[in-house]
Amino acid sequence: MPAPPPHPTRWRFGPFELDLEGRQLLENRNPVHIAEQPLRILGLLVAHAGRLVTRQQLQSELWTEGTFVDFETSLNSAMRRLRRVLGDDNAQPRYIATVPGHGYRFIAPVEPLAEPLAAAALPLDGHRAPPQLALLPRRSWRRIATLALLAFAALAWSALRPLPAPRVLRIHALTSSGGLDYFVEPATDGTRLYYLQRAGDHWDLMQTAGNGATAEVVPLPFPSAQLFDVSPDGSERLLGSFQQRGEPMALWRQHVPDGAPIRLDSLFVAEAHWFPDGRHILYVADAAIWRARADGSAPQKLLTLSANPSWLAFSAGGRRLRFTLNDPSGAPALWEWRLGSASAPRPVAGALPRCCGQWTRDGRYFLFSAFRNGTWNLWAQRQPAWPFPWRQPAPVQLTVGPHSIWGAFTARTSHHVVFYQSDWHEDPQRLDLLTHQFRPLLPGEDAFQLNYSRDSRQVAYMDTRDSSIWAGDVSPAVAASGLRQLTLPGANDSFPRWSPDGRWIAYASQPVGQPTRAYVVSAAGGASHLIGTAAALRDTDESTPDWSPDGTRLVVALERHRPQLPDLDSLALVQLATGQLTPVPGSEGLSTARWSPDGSALAAFSDDQHRLEVYQFASARWQVVATGTALSIPEWSADGRYLYYQDLLAPGEPLFRLQRGAWRPQLVADFSPQLRGGVHRCGFLGLMPDGSPMVSFNRAFANLRRATLDLP
């Protein structure tokens, strides 16, 4: 009587294959990272598919007698990790159903797979046949050769044939407020998505279950905080508290759902993530990548870089790390580093500026943003795989549109990606100081950073659609006519300023991947002219120019980039006739100056935006005249008696003015009503020739979208 067949050790269910003997789980024939305990639980459930597996059975099978653990906590944690690996939902399960108070049942259809033979078959008498040399006839050799040739041809065709292109199947809106900070990577706990939203003088940490209707503020004991990451088992969060965007954030750890945040060893970071093992954290600080224990202790520097990287992403197996950092030319680029390797990170090959990517969960694709034809879009690149690990398909552009798409967050799935879609909308307004009423400026135009000529007859502005500079004539209705585009799309042009005679416009321009430079262009149009000495500014950005009252010089802000050191800001004067650049004494740490109408003084704020200072040319001394949380670019009144400024992170984003000499702040306007009415930011733009303040109401920055992908 033949022996009964052995119990199967390989099964197929859905897109998964479970191989207990090989101790691995495959999804679409690709290995899936899974811990030992969840793998053993899955094997037990699949082997008893359709039947109840009690918690007592799991305890006796997986935790042997004499093992001292908190069984309930350990099992619950292992089940959460298993469901996360399978992409299963406890509320609407596809694979594992919970039987409350008893155990679990595997509910998906299961197909046992044939086992490979472990050894050659024995003869019926139980004795091995002696080895014999088998001589094949010539016809058999020809058949084998033909089959080998066909197999080689099939492999060659598989290696050379074009692969089907990945594509977007549909896009779903996740948020609708428009106030999202799109420089912040989202986070997820597997059920909810977390993001940062501007709310006037602070930022709110938001969560959504998948659409704008479910969006709500996450209650935290900080005015502003960012959620960096959720631990692999979903039990803890990494938080960063801050006052102003861009500054180092205090790092906190919080047990969910409502544990009190715990400060992690006085760490200040730019970004932080859990390691896949859940026992360590990876964080960015001081132009380096660090590792520490989950409590923040024992920090260890892993990699020193030229600046702080962003958008860190682990590969599917957790052995490689990719991040965004400018390349030597200054263009945003993707870099890859093998964890623990002594070698330097290498750039991910590509001609276009790239940033902000992640692998899909199965590791088959890497999704990222790339800049082309004036906008950022979503791209996908299939990763090399066996049997042709050298084959690297070209990246494929997934989206095309007028609005830039920034970032690719795979949200721990293989066929969905979350990204920001920019929809920048600024609404410039004129504030009447007598009636405190607002009046729209340039209605119907996508105008920002408005600047009027001294005779009030012309206006220049930056177009928010493509960051180009425009100019036009001003009508009595404060509308513009005769609009003309002075710069072409493709660079980030900003802060246009009229010359005193109304013939020229100075502005700053930063092509993607290149330093920022100051230019002047004729108000009638034509070629732009570079100012300053470019050779002396090789590692320095030159921005926010402003004219001297006689029109012969410009004051510019300089930002010098120093490897392994903080950037250094200062001010310089540029003689237009010769291009000679002269530093302003004592201006280190100051940025964005404005020249007083009589030419005797400069006003500038500090690079941290906490101080407003005035420089008197006669005494060659700086004086602090105001302090705040996030001060705006200052602006002198036409007669030079007052200096206007705004504190963007004070309650109500108030606008002040200082009387020259006395320097006592006087409140000009408080924008609390507008901020409560749905405006995300009220930004001071400057003064019109009649002394009226110009304010831009920001009604939209960006929103989150989720795309369903076909990734063959």
# chains A, B, ... in the order shown; residues from 1 in each chain; ligands from 1
call {"tool": "residues_around", "arguments": {"residues": "Leu39 of chain A", "least_positions_apart": "6", "cutoff": "9 Å", "atoms": "only C-alpha atoms", "output": "ChimeraX atom specification"}}
result
/A:18,20,23-25,82
call {"tool": "write_last_selection", "arguments": {"atoms": "C-alpha atoms", "output": "mmCIF file, in the first residue's frame"}}
result
data_model
loop_
_atom_site.group_PDB
_atom_site.id
_atom_site.type_symbol
_atom_site.label_atom_id
_atom_site.label_comp_id
_atom_site.auth_asym_id
_atom_site.auth_seq_id
_atom_site.Cartn_x
_atom_site.Cartn_y
_atom_site.Cartn_z
ATOM 1 C CA LEU A 18 3.958 30.758 0.822
ATOM 2 C CA LEU A 20 7.454 27.194 4.546
ATOM 3 C CA ARG A 23 10.936 30.178 4.782
ATOM 4 C CA GLN A 24 9.759 32.887 2.416
ATOM 5 C CA LEU A 25 6.649 34.683 1.175
ATOM 6 C CA LEU A 82 1.201 40.067 9.296
#
call {"tool": "residues_around", "arguments": {"residues": "Ser177 of chain A", "least_positions_apart": "5", "cutoff": "8 Å", "atoms": "only C-alpha atoms", "output": "list in words"}}
result
Gly212, Ala700 and Asn703 of chain A
call {"tool": "write_last_selection", "arguments": {"atoms": "N, CA and C atoms", "output": "PDB file, in the first residue's frame"}}
result
ATOM      1  N   GLY A 212     -11.247  64.491   1.607  1.00  0.00           N
ATOM      2  CA  GLY A 212     -11.305  65.738   2.351  1.00  0.00           C
ATOM      3  C   GLY A 212     -12.348  65.759   3.437  1.00  0.00           C
ATOM      4  N   ALA A 700      -4.430  78.804  -1.821  1.00  0.00           N
ATOM      5  CA  ALA A 700      -4.093  77.408  -2.138  1.00  0.00           C
ATOM      6  C   ALA A 700      -2.593  77.279  -2.336  1.00  0.00           C
ATOM      7  N   ASN A 703      -2.480  70.157  -2.879  1.00  0.00           N
ATOM      8  CA  ASN A 703      -3.349  69.126  -2.336  1.00  0.00           C
ATOM      9  C   ASN A 703      -2.717  67.762  -2.564  1.00  0.00           C
TER      10      ASN A 703
END
call {"tool": "residues_around", "arguments": {"residues": "Arg322 of chain A", "least_positions_apart": "2", "cutoff": "7 Å", "atoms": "only C-alpha atoms", "output": "ChimeraX atom specification"}}
result
/A:312-314,320,334-337
call {"tool": "write_last_selection", "arguments": {"atoms": "C-alpha atoms", "output": "PDB file, in the first residue's frame"}}
result
ATOM      1  CA  LEU A 312      14.728  59.138   2.811  1.00  0.00           C
ATOM      2  CA  ALA A 313      13.441  55.780   1.520  1.00  0.00           C
ATOM      3  CA  PHE A 314      14.409  52.196   2.408  1.00  0.00           C
ATOM      4  CA  ARG A 320      19.558  50.189   0.492  1.00  0.00           C
ATOM      5  CA  LEU A 334      18.489  61.013  -6.238  1.00  0.00           C
ATOM      6  CA  TRP A 335      21.304  59.211  -4.447  1.00  0.00           C
ATOM      7  CA  GLU A 336      21.644  55.618  -3.272  1.00  0.00           C
ATOM      8  CA  TRP A 337      23.722  54.205  -0.434  1.00  0.00           C
TER       9      TRP A 337
END
call {"tool": "closest_atom_pairs", "arguments": {"of": "segment 558-609 of chain A", "to": "segment 645-650 of chain A", "cutoff": "12 Å", "atoms": "only C-alpha atoms", "output": "JSON lines"}}
result
{"residue": "A:Arg594", "atom": "CA", "partner": "A:Tyr645", "partner_atom": "CA", "distance": 11.4}
{"residue": "A:Ala603", "atom": "CA", "partner": "A:Tyr645", "partner_atom": "CA", "distance": 10.3}
{"residue": "A:Ala604", "atom": "CA", "partner": "A:Tyr645", "partner_atom": "CA", "distance": 10.3}
{"residue": "A:Phe605", "atom": "CA", "partner": "A:Tyr645", "partner_atom": "CA", "distance": 9.7}
{"residue": "A:Gln609", "atom": "CA", "partner": "A:Asp647", "partner_atom": "CA", "distance": 9.0}
call {"tool": "write_last_selection", "arguments": {"atoms": "N, CA and C atoms", "output": "PDB file, in the first residue's frame"}}
result
ATOM      1  N   ARG A 594      16.539  96.427   1.738  1.00  0.00           N
ATOM      2  CA  ARG A 594      15.813  97.442   0.983  1.00  0.00           C
ATOM      3  C   ARG A 594      16.432  98.805   1.295  1.00  0.00           C
ATOM      4  N   ALA A 603      17.711  98.559   5.173  1.00  0.00           N
ATOM      5  CA  ALA A 603      16.981  97.750   6.144  1.00  0.00           C
ATOM      6  C   ALA A 603      17.023  96.306   5.682  1.00  0.00           C
ATOM      7  N   ALA A 604      17.290  95.374   6.596  1.00  0.00           N
ATOM      8  CA  ALA A 604      17.384  93.947   6.246  1.00  0.00           C
ATOM      9  C   ALA A 604      16.995  93.122   7.457  1.00  0.00           C
ATOM     10  N   PHE A 605      16.518  91.896   7.193  1.00  0.00           N
ATOM     11  CA  PHE A 605      16.224  91.000   8.311  1.00  0.00           C
ATOM     12  C   PHE A 605      17.292  89.917   8.404  1.00  0.00           C
ATOM     13  N   GLN A 609      15.138  85.232  10.343  1.00  0.00           N
ATOM     14  CA  GLN A 609      13.943  86.066  10.307  1.00  0.00           C
ATOM     15  C   GLN A 609      13.467  86.495  11.697  1.00  0.00           C
TER      16      GLN A 609
END
call {"tool": "residues_around", "arguments": {"residues": "segment 545-561 of chain A", "least_positions_apart": "3", "cutoff": "6 Å", "atoms": "only C-alpha atoms", "output": "PyMOL selection string"}}
result
chain A and resi 500+539-542+567-576+591-592+597+599
call {"tool": "select_by_dssp", "arguments": {"residues": "segment 7-93 of chain A", "states": "helix (DSSP H, G or I)", "output": "number ranges by chain"}}
result
A: 36-47, 55-62, 71-86
call {"tool": "closest_residue", "arguments": {"among": "A:Thr9, A:Gly683, A:Gly652, A:Arg621", "to": "Pro634 of chain A", "atoms": "only C-alpha atoms"}}
result
A:Gly683
call {"tool": "residues_around", "arguments": {"residues": "Val614 of chain A", "least_positions_apart": "2", "cutoff": "7 Å", "atoms": "only C-alpha atoms", "output": "CSV table (one decimal) with N, CA and C atoms, in the first residue's frame"}}
result
chain,number,residue,atom,x,y,z
A,601,ALA,N,20.4,104.7,4.1
A,601,ALA,CA,20.3,103.6,5.0
A,601,ALA,C,19.8,102.3,4.2
A,602,LEU,N,20.1,101.2,4.8
A,602,LEU,CA,19.6,99.9,4.4
A,602,LEU,C,18.8,99.2,5.5
A,603,ALA,N,17.7,98.6,5.2
A,603,ALA,CA,17.0,97.7,6.1
A,603,ALA,C,17.0,96.3,5.7
A,604,ALA,N,17.3,95.4,6.6
A,604,ALA,CA,17.4,93.9,6.2
A,604,ALA,C,17.0,93.1,7.5
A,616,GLN,N,23.2,102.4,8.8
A,616,GLN,CA,23.4,103.8,8.4
A,616,GLN,C,24.8,103.9,7.7
A,622,TRP,N,25.2,98.9,12.2
A,622,TRP,CA,23.8,98.3,12.2
A,622,TRP,C,23.1,98.4,13.5
A,623,GLN,N,21.8,98.6,13.5
A,623,GLN,CA,21.0,98.7,14.7
A,623,GLN,C,19.8,97.8,14.6
A,624,VAL,N,19.6,97.0,15.6
A,624,VAL,CA,18.4,96.2,15.7
A,624,VAL,C,17.2,97.1,16.0
A,625,VAL,N,16.2,97.1,15.1
A,625,VAL,CA,15.0,97.9,15.4
A,625,VAL,C,13.7,97.2,15.7
call {"tool": "residues_around", "arguments": {"residues": "Val284 of chain A", "least_positions_apart": "2", "cutoff": "10 Å", "atoms": "only C-alpha atoms", "output": "mmCIF file with C-alpha atoms, in the first residue's frame"}}
result
data_model
loop_
_atom_site.group_PDB
_atom_site.id
_atom_site.type_symbol
_atom_site.label_atom_id
_atom_site.label_comp_id
_atom_site.auth_asym_id
_atom_site.auth_seq_id
_atom_site.Cartn_x
_atom_site.Cartn_y
_atom_site.Cartn_z
ATOM 1 C CA PRO A 248 15.803 71.895 13.134
ATOM 2 C CA PHE A 268 17.133 68.152 16.828
ATOM 3 C CA VAL A 269 16.580 66.769 13.354
ATOM 4 C CA ALA A 270 15.520 67.677 9.819
ATOM 5 C CA GLU A 271 13.895 64.283 9.177
ATOM 6 C CA ALA A 272 13.517 60.935 10.972
ATOM 7 C CA HIS A 273 12.320 57.416 10.144
ATOM 8 C CA LEU A 282 17.372 56.890 11.218
ATOM 9 C CA ASP A 286 23.987 68.610 10.672
ATOM 10 C CA ALA A 287 24.459 67.525 7.031
ATOM 11 C CA ALA A 288 24.676 63.848 8.007
ATOM 12 C CA ILE A 289 22.587 60.685 8.362
ATOM 13 C CA TRP A 290 22.550 59.175 11.856
ATOM 14 C CA ARG A 291 21.293 56.028 13.580
ATOM 15 C CA LYS A 301 26.901 59.002 12.434
ATOM 16 C CA LEU A 303 27.155 59.118 6.493
ATOM 17 C CA ALA A 307 23.881 69.273 3.135
ATOM 18 C CA ASN A 308 20.837 67.770 4.806
ATOM 19 C CA PRO A 309 19.230 65.156 2.515
ATOM 20 C CA SER A 310 15.462 64.744 2.358
ATOM 21 C CA LEU A 312 14.728 59.138 2.811
#
call {"tool": "closest_residue", "arguments": {"among": "A:Leu113, A:Leu339, A:Ala506, A:Leu378", "to": "Ser404 of chain A", "atoms": "only C-alpha atoms"}}
result
A:Leu378
call {"tool": "residues_around", "arguments": {"residues": "segment 359-369 of chain A", "least_positions_apart": "6", "cutoff": "6 Å", "atoms": "only C-alpha atoms", "output": "number ranges by chain"}}
result
A: 316, 377-383, 406-408, 410, 412-414
call {"tool": "closest_residue", "arguments": {"among": "A:Val218, A:Leu42, A:Val418, A:Leu643", "to": "Glu185 of chain A", "atoms": "only C-alpha atoms"}}
result
A:Val418
call {"tool": "closest_atom_pairs", "arguments": {"of": "segment 602-647 of chain A", "to": "segment 448-465 of chain A", "cutoff": "12 Å", "atoms": "only C-alpha atoms", "output": "CSV"}}
result
residue,atom,partner,partner_atom,distance
A:Ile633,CA,A:Gln449,CA,11.1
A:Glu635,CA,A:Asn451,CA,11.3
A:Ser637,CA,A:Arg454,CA,11.7
A:Ala638,CA,A:Arg454,CA,8.8
A:Asp639,CA,A:Arg454,CA,11.8
call {"tool": "atom_distance", "arguments": {"atom1": "atom CA of Gly43 of chain A", "atom2": "atom CA of Asp233 of chain A"}}
result
19.6 Å
call {"tool": "closest_residue", "arguments": {"among": "A:Phe228, A:Gly350, A:Ala292, A:Phe275", "to": "Arg319 of chain A", "atoms": "only C-alpha atoms"}}
result
A:Phe275
call {"tool": "closest_residue", "arguments": {"among": "A:Arg10, A:Arg40, A:Arg699, A:Arg51", "to": "Gln674 of chain A", "atoms": "only C-alpha atoms"}}
result
A:Arg699
call {"tool": "select_by_dssp", "arguments": {"residues": "segment 183-431 of chain A", "states": "strand (DSSP E or B)", "output": "count of residues only"}}
result
133
call {"tool": "atom_distance", "arguments": {"atom1": "atom CA of Thr214 of chain A", "atom2": "atom CA of Arg192 of chain A"}}
result
9.8 Å
call {"tool": "closest_residue", "arguments": {"among": "A:Ala471, A:Ala370, A:Leu441, A:Leu238", "to": "Phe697 of chain A", "atoms": "only C-alpha atoms"}}
result
A:Leu441
call {"tool": "atom_distance", "arguments": {"atom1": "atom CA of Ala508 of chain A", "atom2": "atom CA of Ser543 of chain A"}}
result
5.1 Å
call {"tool": "decode", "arguments": {"residues": "segment 669-700 of chain A", "atoms": "N, CA and C atoms", "output": "mmCIF file, in the first residue's frame"}}
result
data_model
loop_
_atom_site.group_PDB
_atom_site.id
_atom_site.type_symbol
_atom_site.label_atom_id
_atom_site.label_comp_id
_atom_site.auth_asym_id
_atom_site.auth_seq_id
_atom_site.Cartn_x
_atom_site.Cartn_y
_atom_site.Cartn_z
ATOM 1 N N ALA A 669 -2.194 96.545 10.649
ATOM 2 C CA ALA A 669 -3.312 95.659 10.311
ATOM 3 C C ALA A 669 -3.109 94.309 10.972
ATOM 4 N N ASP A 670 -4.236 93.674 11.292
ATOM 5 C CA ASP A 670 -4.269 92.310 11.810
ATOM 6 C C ASP A 670 -5.194 91.508 10.895
ATOM 7 N N PHE A 671 -4.715 90.337 10.462
ATOM 8 C CA PHE A 671 -5.442 89.590 9.442
ATOM 9 C C PHE A 671 -6.192 88.387 10.006
ATOM 10 N N SER A 672 -6.508 88.427 11.284
ATOM 11 C CA SER A 672 -7.225 87.308 11.893
ATOM 12 C C SER A 672 -8.542 87.001 11.190
ATOM 13 N N PRO A 673 -9.370 88.010 10.820
ATOM 14 C CA PRO A 673 -10.633 87.679 10.137
ATOM 15 C C PRO A 673 -10.419 86.918 8.837
ATOM 16 N N GLN A 674 -9.400 87.289 8.064
ATOM 17 C CA GLN A 674 -9.142 86.596 6.798
ATOM 18 C C GLN A 674 -8.647 85.164 7.045
ATOM 19 N N LEU A 675 -7.806 84.998 8.057
ATOM 20 C CA LEU A 675 -7.294 83.658 8.359
ATOM 21 C C LEU A 675 -8.399 82.744 8.863
ATOM 22 N N ARG A 676 -9.333 83.297 9.619
ATOM 23 C CA ARG A 676 -10.468 82.480 10.062
ATOM 24 C C ARG A 676 -11.420 82.182 8.912
ATOM 25 N N GLY A 677 -11.350 82.975 7.856
ATOM 26 C CA GLY A 677 -12.254 82.793 6.725
ATOM 27 C C GLY A 677 -11.733 81.868 5.646
ATOM 28 N N GLY A 678 -10.627 81.156 5.909
ATOM 29 C CA GLY A 678 -10.143 80.176 4.938
ATOM 30 C C GLY A 678 -8.886 80.555 4.199
ATOM 31 N N VAL A 679 -8.345 81.763 4.408
ATOM 32 C CA VAL A 679 -7.070 82.142 3.804
ATOM 33 C C VAL A 679 -5.949 81.466 4.589
ATOM 34 N N HIS A 680 -4.977 80.872 3.881
ATOM 35 C CA HIS A 680 -3.908 80.131 4.554
ATOM 36 C C HIS A 680 -2.782 81.034 5.024
ATOM 37 N N ARG A 681 -2.527 82.120 4.291
ATOM 38 C CA ARG A 681 -1.451 83.033 4.666
ATOM 39 C C ARG A 681 -1.771 84.402 4.097
ATOM 40 N N CYS A 682 -1.513 85.455 4.879
ATOM 41 C CA CYS A 682 -1.667 86.838 4.416
ATOM 42 C C CYS A 682 -0.275 87.454 4.385
ATOM 43 N N GLY A 683 0.319 87.555 3.208
ATOM 44 C CA GLY A 683 1.703 87.981 3.094
ATOM 45 C C GLY A 683 1.839 89.415 2.625
ATOM 46 N N PHE A 684 2.625 90.208 3.345
ATOM 47 C CA PHE A 684 2.903 91.597 2.987
ATOM 48 C C PHE A 684 3.816 91.634 1.761
ATOM 49 N N LEU A 685 3.369 92.324 0.699
ATOM 50 C CA LEU A 685 4.129 92.399 -0.548
ATOM 51 C C LEU A 685 4.951 93.672 -0.673
ATOM 52 N N GLY A 686 4.529 94.735 -0.021
ATOM 53 C CA GLY A 686 5.195 96.026 -0.162
ATOM 54 C C GLY A 686 4.168 97.140 -0.156
ATOM 55 N N LEU A 687 4.599 98.331 -0.618
ATOM 56 C CA LEU A 687 3.746 99.509 -0.615
ATOM 57 C C LEU A 687 3.517 100.004 -2.038
ATOM 58 N N MET A 688 2.311 100.482 -2.289
ATOM 59 C CA MET A 688 2.017 101.158 -3.545
ATOM 60 C C MET A 688 2.567 102.584 -3.465
ATOM 61 N N PRO A 689 2.706 103.261 -4.587
ATOM 62 C CA PRO A 689 3.240 104.634 -4.543
ATOM 63 C C PRO A 689 2.460 105.578 -3.650
ATOM 64 N N ASP A 690 1.148 105.341 -3.447
ATOM 65 C CA ASP A 690 0.366 106.212 -2.562
ATOM 66 C C ASP A 690 0.462 105.804 -1.097
ATOM 67 N N GLY A 691 1.286 104.824 -0.780
ATOM 68 C CA GLY A 691 1.487 104.396 0.594
ATOM 69 C C GLY A 691 0.579 103.281 1.053
ATOM 70 N N SER A 692 -0.313 102.788 0.205
ATOM 71 C CA SER A 692 -1.209 101.700 0.588
ATOM 72 C C SER A 692 -0.444 100.377 0.643
ATOM 73 N N PRO A 693 -0.590 99.614 1.725
ATOM 74 C CA PRO A 693 0.066 98.298 1.772
ATOM 75 C C PRO A 693 -0.574 97.326 0.778
ATOM 76 N N MET A 694 0.246 96.482 0.205
ATOM 77 C CA MET A 694 -0.222 95.388 -0.649
ATOM 78 C C MET A 694 -0.055 94.080 0.113
ATOM 79 N N VAL A 695 -1.110 93.292 0.114
ATOM 80 C CA VAL A 695 -1.117 92.016 0.835
ATOM 81 C C VAL A 695 -1.607 90.931 -0.116
ATOM 82 N N SER A 696 -0.956 89.788 -0.090
ATOM 83 C CA SER A 696 -1.386 88.672 -0.930
ATOM 84 C C SER A 696 -2.036 87.612 -0.058
ATOM 85 N N PHE A 697 -3.308 87.321 -0.343
ATOM 86 C CA PHE A 697 -4.014 86.255 0.357
ATOM 87 C C PHE A 697 -3.740 84.943 -0.377
ATOM 88 N N ASN A 698 -3.078 84.029 0.315
ATOM 89 C CA ASN A 698 -2.867 82.719 -0.297
ATOM 90 C C ASN A 698 -4.080 81.845 -0.030
ATOM 91 N N ARG A 699 -4.718 81.390 -1.100
ATOM 92 C CA ARG A 699 -5.913 80.560 -0.978
ATOM 93 C C ARG A 699 -5.632 79.098 -1.334
ATOM 94 N N ALA A 700 -4.430 78.804 -1.821
ATOM 95 C CA ALA A 700 -4.093 77.408 -2.138
ATOM 96 C C ALA A 700 -2.593 77.279 -2.336
#
